[in-house]
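The structure appears below as structure tokens.
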Amino acid sequence: ENVLGIHFRTGDSTAFGVANSDVRAAGSSLEQGYNRMLQCAAKLATKLNIIPMIDSRSSSSIEKLHFYLATDNQHVKDMAMKEEKYVIHLTSDKPSAYLRADGDRSAFLELYLLSKTKGLVINQLPKNYVGHATRLSTFAQLAMNIGFMSDEDTLPCSLD
């Protein structure tokens, strides 16, 4: 209820090595994109009056914003596990293409968890993107619909 969702889609080619042109963030832009997504999340958290909560991972009573991150990229998950400024919740599942049953199970779990957050930050397609895709991930849009989120509860985040 007091957690904001982040859906950071890096693309089939970047995340899974699928032979197509679906690249939304790659290389050093992954780190920049991750940091930009956190900036957008902090901005939306302020707009939605999300209150920082105690970081239970710390021995002190430090309050931090809590985000739930769904991503198709293990490197992004690894960065999130080392995050110190915010508390990032995520599944322990390794991202995998939806071509296998474990990929489907993980996708359904992340979809459900995103839908239960108070708001959602979604990265937009880069301006130079080539391929067939919507500006915002249809996966994230489905999570918004399941969670009955309004446009005011979401923030498209430009990475370029």
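Identifiers in the structure tokens: chain A, B, ... in order shown; residue index from 1 per chain; ligand index from 1 in order shown.
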Where in chain A does DSSP assign strand (DSSP E), given as an mmCIF file with C-alpha atoms, in the first residue's frame?
data_model
loop_
_atom_site.group_PDB
_atom_site.id
_atom_site.type_symbol
_atom_site.label_atom_id
_atom_site.label_comp_id
_atom_site.auth_asym_id
_atom_site.auth_seq_id
_atom_site.Cartn_x
_atom_site.Cartn_y
_atom_site.Cartn_z
ATOM 1 C CA LEU A 4 5.629 2.301 -5.429
ATOM 2 C CA GLY A 5 6.107 -0.004 -8.428
ATOM 3 C CA ILE A 6 8.833 0.337 -11.055
ATOM 4 C CA HIS A 7 8.700 -1.563 -14.343
ATOM 5 C CA PHE A 8 12.076 -1.312 -16.083
ATOM 6 C CA MET A 53 9.089 3.498 6.046
ATOM 7 C CA ILE A 54 11.712 1.955 8.276
ATOM 8 C CA GLU A 63 13.209 5.596 7.040
ATOM 9 C CA LYS A 64 13.434 5.172 3.279
ATOM 10 C CA HIS A 66 10.149 1.494 -0.640
ATOM 11 C CA PHE A 67 9.887 0.463 -4.287
ATOM 12 C CA TYR A 68 8.953 -2.829 -5.928
ATOM 13 C CA LEU A 69 11.055 -3.394 -9.065
ATOM 14 C CA ALA A 70 10.014 -5.680 -11.907
ATOM 15 C CA THR A 71 12.600 -5.989 -14.658
ATOM 16 C CA VAL A 87 14.561 -0.122 -0.175
ATOM 17 C CA ILE A 88 14.040 -2.095 -3.372
ATOM 18 C CA HIS A 89 11.806 -5.160 -3.180
ATOM 19 C CA LEU A 120 3.813 2.799 -11.185
ATOM 20 C CA VAL A 121 6.857 4.190 -12.992
ATOM 21 C CA ILE A 122 7.332 2.832 -16.513
ATOM 22 C CA ASN A 123 10.241 3.478 -18.858
ATOM 23 C CA THR A 154 1.662 6.467 -13.075
ATOM 24 C CA LEU A 155 4.700 8.201 -14.501
ATOM 25 C CA PRO A 156 6.208 7.397 -17.889
ATOM 26 C CA CYS A 157 9.959 7.845 -17.467
#
Once you count only C-alpha atoms, what closest atom pair and distance in Å to one decimal does each residue of range 30-69 of chain A within 10 Å of range 149-152 of chain A have, with rows by chain and rising residue number, as CSV?
residue,atom,partner,partner_atom,distance
A:Leu44,CA,A:Glu152,CA,9.2
A:Lys47,CA,A:Glu152,CA,9.0
A:Leu48,CA,A:Glu152,CA,8.6
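Between CA of Ser92 in chain A and CA of Thr117 in chain A the interatomic distance comes to 18.2 Å.
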Best match for closeness to Asn49 in chain A among A:Gly33, A:Gly119, A:Pro95, A:Gly11, counting only C-alpha atoms | A:Gly119
Neighbours of Ser115 in chain A within 9 Å (only C-alpha atoms; same-chain residues fewer than 2 positions away dropped), as a CSV table (one decimal) with N, CA and C atoms, in the first residue's frame?
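File produced: result_11.csv:
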chain,number,residue,atom,x,y,z
A,5,GLY,N,5.6,1.0,-7.5
A,5,GLY,CA,6.1,0.0,-8.4
A,5,GLY,C,7.0,0.6,-9.5
A,110,GLU,N,5.2,-11.2,-11.1
A,110,GLU,CA,5.6,-9.7,-11.2
A,110,GLU,C,4.4,-8.9,-11.6
A,111,LEU,N,3.5,-9.4,-12.5
A,111,LEU,CA,2.3,-8.6,-12.9
A,111,LEU,C,1.4,-8.4,-11.6
A,112,TYR,N,1.2,-9.4,-10.9
A,112,TYR,CA,0.4,-9.3,-9.7
A,112,TYR,C,1.0,-8.3,-8.7
A,113,LEU,N,2.3,-8.5,-8.4
A,113,LEU,CA,2.9,-7.6,-7.4
A,113,LEU,C,2.9,-6.1,-7.9
A,117,THR,N,0.9,-2.2,-6.1
A,117,THR,CA,1.6,-1.1,-5.6
A,117,THR,C,0.7,0.2,-5.7
A,118,LYS,N,1.1,1.3,-5.0
A,118,LYS,CA,0.3,2.5,-5.0
A,118,LYS,C,0.4,3.3,-6.3
A,119,GLY,N,1.4,3.1,-7.0
A,119,GLY,CA,1.6,3.8,-8.3
A,119,GLY,C,2.7,3.1,-9.1
A,120,LEU,N,2.9,3.5,-10.3
A,120,LEU,CA,3.8,2.8,-11.2
A,120,LEU,C,4.6,3.7,-12.1
A,140,ALA,N,3.2,-3.5,-18.3
A,140,ALA,CA,3.0,-2.5,-17.3
A,140,ALA,C,1.6,-1.9,-17.4
A,142,LEU,N,-1.1,-3.5,-18.4
A,142,LEU,CA,-1.9,-4.5,-17.8
A,142,LEU,C,-1.9,-4.5,-16.3
A,143,ALA,N,-0.7,-4.3,-15.7
A,143,ALA,CA,-0.6,-4.2,-14.2
A,143,ALA,C,-1.4,-3.0,-13.7
A,144,MET,N,-1.3,-1.9,-14.5
A,144,MET,CA,-2.1,-0.7,-14.1
A,144,MET,C,-3.6,-1.0,-14.1
A,145,ASN,N,-4.1,-1.7,-15.1
A,145,ASN,CA,-5.5,-2.0,-15.2
A,145,ASN,C,-5.9,-2.9,-14.2
A,146,ILE,N,-5.1,-4.0,-13.9
A,146,ILE,CA,-5.5,-4.9,-12.8
A,146,ILE,C,-5.5,-4.2,-11.5
A,147,GLY,N,-4.6,-3.3,-11.2
A,147,GLY,CA,-4.6,-2.5,-10.0
A,147,GLY,C,-5.5,-1.3,-9.9
A,148,PHE,N,-6.3,-1.1,-11.0
A,148,PHE,CA,-7.2,0.0,-11.1
A,148,PHE,C,-6.5,1.4,-10.8
A,149,MET,N,-5.3,1.5,-11.4
A,149,MET,CA,-4.5,2.7,-11.3
A,149,MET,C,-5.0,3.7,-12.4
For Leu136 in chain A, the closest of A:Asn73, A:Asp160, A:Gln124, A:Gln32 counting only C-alpha atoms is A:Gln124
If you run DSSP on this backbone, which residues of chain A come out as alpha helix (DSSP H), and could you give them as a PyMOL selection string?
-> chain A and resi 12-16+29-47+74-81+101-115+138-146
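CA of Lys82 in chain A is positioned 26.9 Å from CA of Asp153 in chain A.
The two atoms in question, CA of Asn128 in chain A and CA of Ala41 in chain A, are spaced 23.5 Å apart.
Residue nearest Val76 in chain A, chosen from A:Thr91, A:Thr138, A:Thr10, A:Ser56 and counting only C-alpha atoms: A:Thr10.
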Of the residues A:Lys85, A:Arg9, A:Arg135, A:Lys43, which is the one nearest to Ser58 in chain A, using only C-alpha atoms?
-> A:Lys85
